[in-house]
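S.K.: Below you will find the structure I want to go over with you.
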Amino acid sequence: MIETLKLINYRNSAQCETIGMSCIDSFPATTYTFQSGKVYRLTSDFGCGSWGMVTCIGGRGDVEYSGKIMLDDVEADARILKKHSGFIAESYFPDINTSDELCTTHECIHRALNISGLNYSTNEIKSIFHLTDNRFDRPLNQISGEIWLASAAIWFSLDKDIFCFPWLNMRNYFRFETMKEFGIIDFLKKRKKLVLVPTSRRTFFEKSTKGVTIKQL
């Protein structure tokens, strides 16, 4: 478990990808401290930094960068960041499945719990993340929009600390709001997870970090 994640004059870019959308995104040098057990909305227009920042925090940034990312005051490279991070709405999970054999949600959660040793049953995870009976035993590429919930459940079962959403525009921001309504976001906060949400959704009185606006929710 991590307590803080700090960007110190950190500047980088990344190839960002999710269902039906991709871009190369970069952001200027940024200094900011994120705390575990919190949810942060990172706001920018598409391709203007927020998605790139979250992707880099998840360990998928370019190899050439400036500044530092610190986990609990220890500098972290991409390998360490990947170890702690999970990407919402993705269906591939290292050490769990393969692109050729995605497996079912049920199978992935079972394997993840065996790896992490977390004291939950597959049925408990299914209930917490509001996974439906008729999709629980389908391959991940056949569960439609439930992949948003299923991916969060699998990453939690793997005991990841950082939950990285893809960029959410005004039309698909409901994915995050649905997880809030289901109590999933509060559950992650109580378990000291760090949740990062890049989006175009804007509100007033937010703290700007030179191109990307960051607000604790």
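Note on naming: chains are A, B, ... as they come in the structure tokens, residues start from 1 per chain, ligands start from 1 in the order shown.
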At a cut-off of 9 Å, using only C-alpha atoms, what residues contact Gly145 of chain A? Leave out same-chain residues fewer than 2 positions from it and give the result as a list in words.
M.R.: Ala89, Ile143, Ile147, Trp148, Leu149 and Arg175 of chain A
S.K.: Extract, using only C-alpha atoms, all DNA, RNA and protein residues at most 8 Å from segment 99-107 of chain A, discarding same-chain residues fewer than 3 positions from it, and format them as a CSV table (one decimal) with C-alpha atoms, in the first residue's frame.
M.R.:
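Saved as part-v4.csv:
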chain,number,residue,atom,x,y,z
A,91,SER,CA,-9.5,-6.7,-20.6
A,92,TYR,CA,-5.9,-7.9,-20.5
A,110,HIS,CA,-10.4,-16.2,-9.0
A,111,ARG,CA,-6.9,-16.2,-10.4
A,122,THR,CA,-15.1,-14.4,-5.8
A,135,ARG,CA,-22.1,-11.9,-17.7
A,136,PHE,CA,-20.0,-13.2,-14.8
A,137,ASP,CA,-19.2,-16.4,-16.7
A,138,ARG,CA,-18.8,-14.9,-20.2
A,139,PRO,CA,-15.4,-14.1,-21.8
A,140,LEU,CA,-14.3,-10.5,-21.1
A,141,ASN,CA,-14.8,-9.6,-24.8
A,150,ALA,CA,-15.2,-6.1,-14.2
A,154,ILE,CA,-10.0,-7.7,-11.2
S.K.: Per DSSP on the backbone, filter segment 39-199 of chain A down to the residues in strand (DSSP E) and report them as a list in words.
M.R.: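 Answer for segment 39-199 of chain A, restricted to strand (DSSP E): Val39, Tyr40, Arg41, Leu42, Thr43, Ser66, Gly67, Lys68, Ile69, Met70, Leu71, Val74, Glu75, Ser85, Gly86, Phe87, Ile162, Phe163, Cys164, Leu194, Val195, Leu196, Val197, Pro198 and Thr199 of chain A.
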S.K.: Just to be explicit: take each residue in the selection above, keep N, CA, C and O atoms, and write the result as a short mmCIF file (atom, residue, chain, number, x, y, z; two decimals), in the first residue's frame.
M.R.:
data_model
loop_
_atom_site.label_atom_id
_atom_site.label_comp_id
_atom_site.auth_asym_id
_atom_site.auth_seq_id
_atom_site.Cartn_x
_atom_site.Cartn_y
_atom_site.Cartn_z
N VAL A 39 -9.81 10.50 -4.52
CA VAL A 39 -10.16 10.48 -5.94
C VAL A 39 -9.83 11.85 -6.52
O VAL A 39 -10.16 12.88 -5.93
N TYR A 40 -9.14 11.85 -7.67
CA TYR A 40 -8.75 13.10 -8.31
C TYR A 40 -9.27 13.15 -9.73
O TYR A 40 -9.10 12.20 -10.50
N ARG A 41 -9.90 14.27 -10.06
CA ARG A 41 -10.32 14.54 -11.43
C ARG A 41 -9.26 15.42 -12.08
O ARG A 41 -8.96 16.51 -11.58
N LEU A 42 -8.69 14.96 -13.19
CA LEU A 42 -7.69 15.72 -13.94
C LEU A 42 -8.37 16.20 -15.22
O LEU A 42 -8.75 15.39 -16.07
N THR A 43 -8.55 17.49 -15.34
CA THR A 43 -9.37 18.05 -16.40
C THR A 43 -8.54 18.71 -17.49
O THR A 43 -7.65 19.51 -17.20
N SER A 66 11.44 14.10 -18.04
CA SER A 66 12.17 14.93 -17.10
C SER A 66 11.42 14.97 -15.77
O SER A 66 10.21 14.76 -15.73
N GLY A 67 12.14 15.24 -14.69
CA GLY A 67 11.53 15.25 -13.37
C GLY A 67 11.44 13.87 -12.76
O GLY A 67 12.08 12.92 -13.23
N LYS A 68 10.61 13.75 -11.74
CA LYS A 68 10.52 12.50 -10.99
C LYS A 68 9.08 12.19 -10.60
O LYS A 68 8.26 13.09 -10.45
N ILE A 69 8.81 10.89 -10.43
CA ILE A 69 7.61 10.42 -9.73
C ILE A 69 8.09 9.68 -8.49
O ILE A 69 8.92 8.78 -8.57
N MET A 70 7.55 10.08 -7.33
CA MET A 70 7.95 9.49 -6.06
C MET A 70 6.77 8.74 -5.45
O MET A 70 5.66 9.27 -5.36
N LEU A 71 7.00 7.52 -5.04
CA LEU A 71 6.03 6.76 -4.26
C LEU A 71 6.53 6.69 -2.83
O LEU A 71 7.59 6.09 -2.57
N VAL A 74 10.15 7.61 -2.42
CA VAL A 74 11.13 6.79 -3.14
C VAL A 74 10.86 6.93 -4.63
O VAL A 74 9.72 6.73 -5.08
N GLU A 75 11.88 7.28 -5.41
CA GLU A 75 11.68 7.47 -6.83
C GLU A 75 11.23 6.18 -7.50
O GLU A 75 11.78 5.10 -7.23
N SER A 85 -0.33 -0.27 -10.48
CA SER A 85 -1.41 0.38 -11.22
C SER A 85 -2.28 -0.58 -12.01
O SER A 85 -1.82 -1.63 -12.48
N GLY A 86 -3.55 -0.18 -12.18
CA GLY A 86 -4.47 -0.89 -13.04
C GLY A 86 -5.27 0.10 -13.87
O GLY A 86 -5.58 1.20 -13.41
N PHE A 87 -5.59 -0.29 -15.12
CA PHE A 87 -6.28 0.60 -16.06
C PHE A 87 -7.72 0.13 -16.27
O PHE A 87 -7.94 -0.99 -16.75
N ILE A 162 -3.32 1.96 -7.51
CA ILE A 162 -3.65 3.12 -8.33
C ILE A 162 -4.61 2.67 -9.44
O ILE A 162 -4.29 1.78 -10.22
N PHE A 163 -5.77 3.30 -9.48
CA PHE A 163 -6.79 2.94 -10.46
C PHE A 163 -6.89 4.08 -11.48
O PHE A 163 -7.28 5.20 -11.14
N CYS A 164 -6.50 3.78 -12.72
CA CYS A 164 -6.39 4.78 -13.79
C CYS A 164 -7.56 4.66 -14.75
O CYS A 164 -7.67 3.67 -15.49
N LEU A 194 -5.86 4.94 -4.71
CA LEU A 194 -5.79 6.22 -5.39
C LEU A 194 -6.51 6.08 -6.73
O LEU A 194 -6.15 5.22 -7.54
N VAL A 195 -7.53 6.92 -6.96
CA VAL A 195 -8.33 6.84 -8.18
C VAL A 195 -8.11 8.11 -8.99
O VAL A 195 -8.31 9.22 -8.49
N LEU A 196 -7.72 7.95 -10.27
CA LEU A 196 -7.39 9.07 -11.15
C LEU A 196 -8.33 9.07 -12.34
O LEU A 196 -8.45 8.07 -13.05
N VAL A 197 -8.99 10.22 -12.56
CA VAL A 197 -10.02 10.32 -13.59
C VAL A 197 -9.70 11.47 -14.54
O VAL A 197 -9.97 12.64 -14.22
N PRO A 198 -9.12 11.20 -15.71
CA PRO A 198 -8.90 12.26 -16.71
C PRO A 198 -10.18 12.53 -17.48
O PRO A 198 -10.87 11.59 -17.90
N THR A 199 -10.52 13.80 -17.68
CA THR A 199 -11.81 14.11 -18.27
C THR A 199 -11.82 15.50 -18.88
O THR A 199 -10.95 16.33 -18.59
#
S.K.: I'd like the interatomic distance between atom CA of Asn9 of chain A and atom CA of Thr33 of chain A, to a tenth of an Å.
M.R.: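 The value is 11.3 Å.
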S.K.: Select, from A:Glu17, A:Asp73, A:Gly61, A:Leu5, the residue with the minimum atom-to-atom distance to Asp161 of chain A, counting only C-alpha atoms.
M.R.: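 Looking at the shortest contact to Asp161 of chain A, the residue is A:Leu5.
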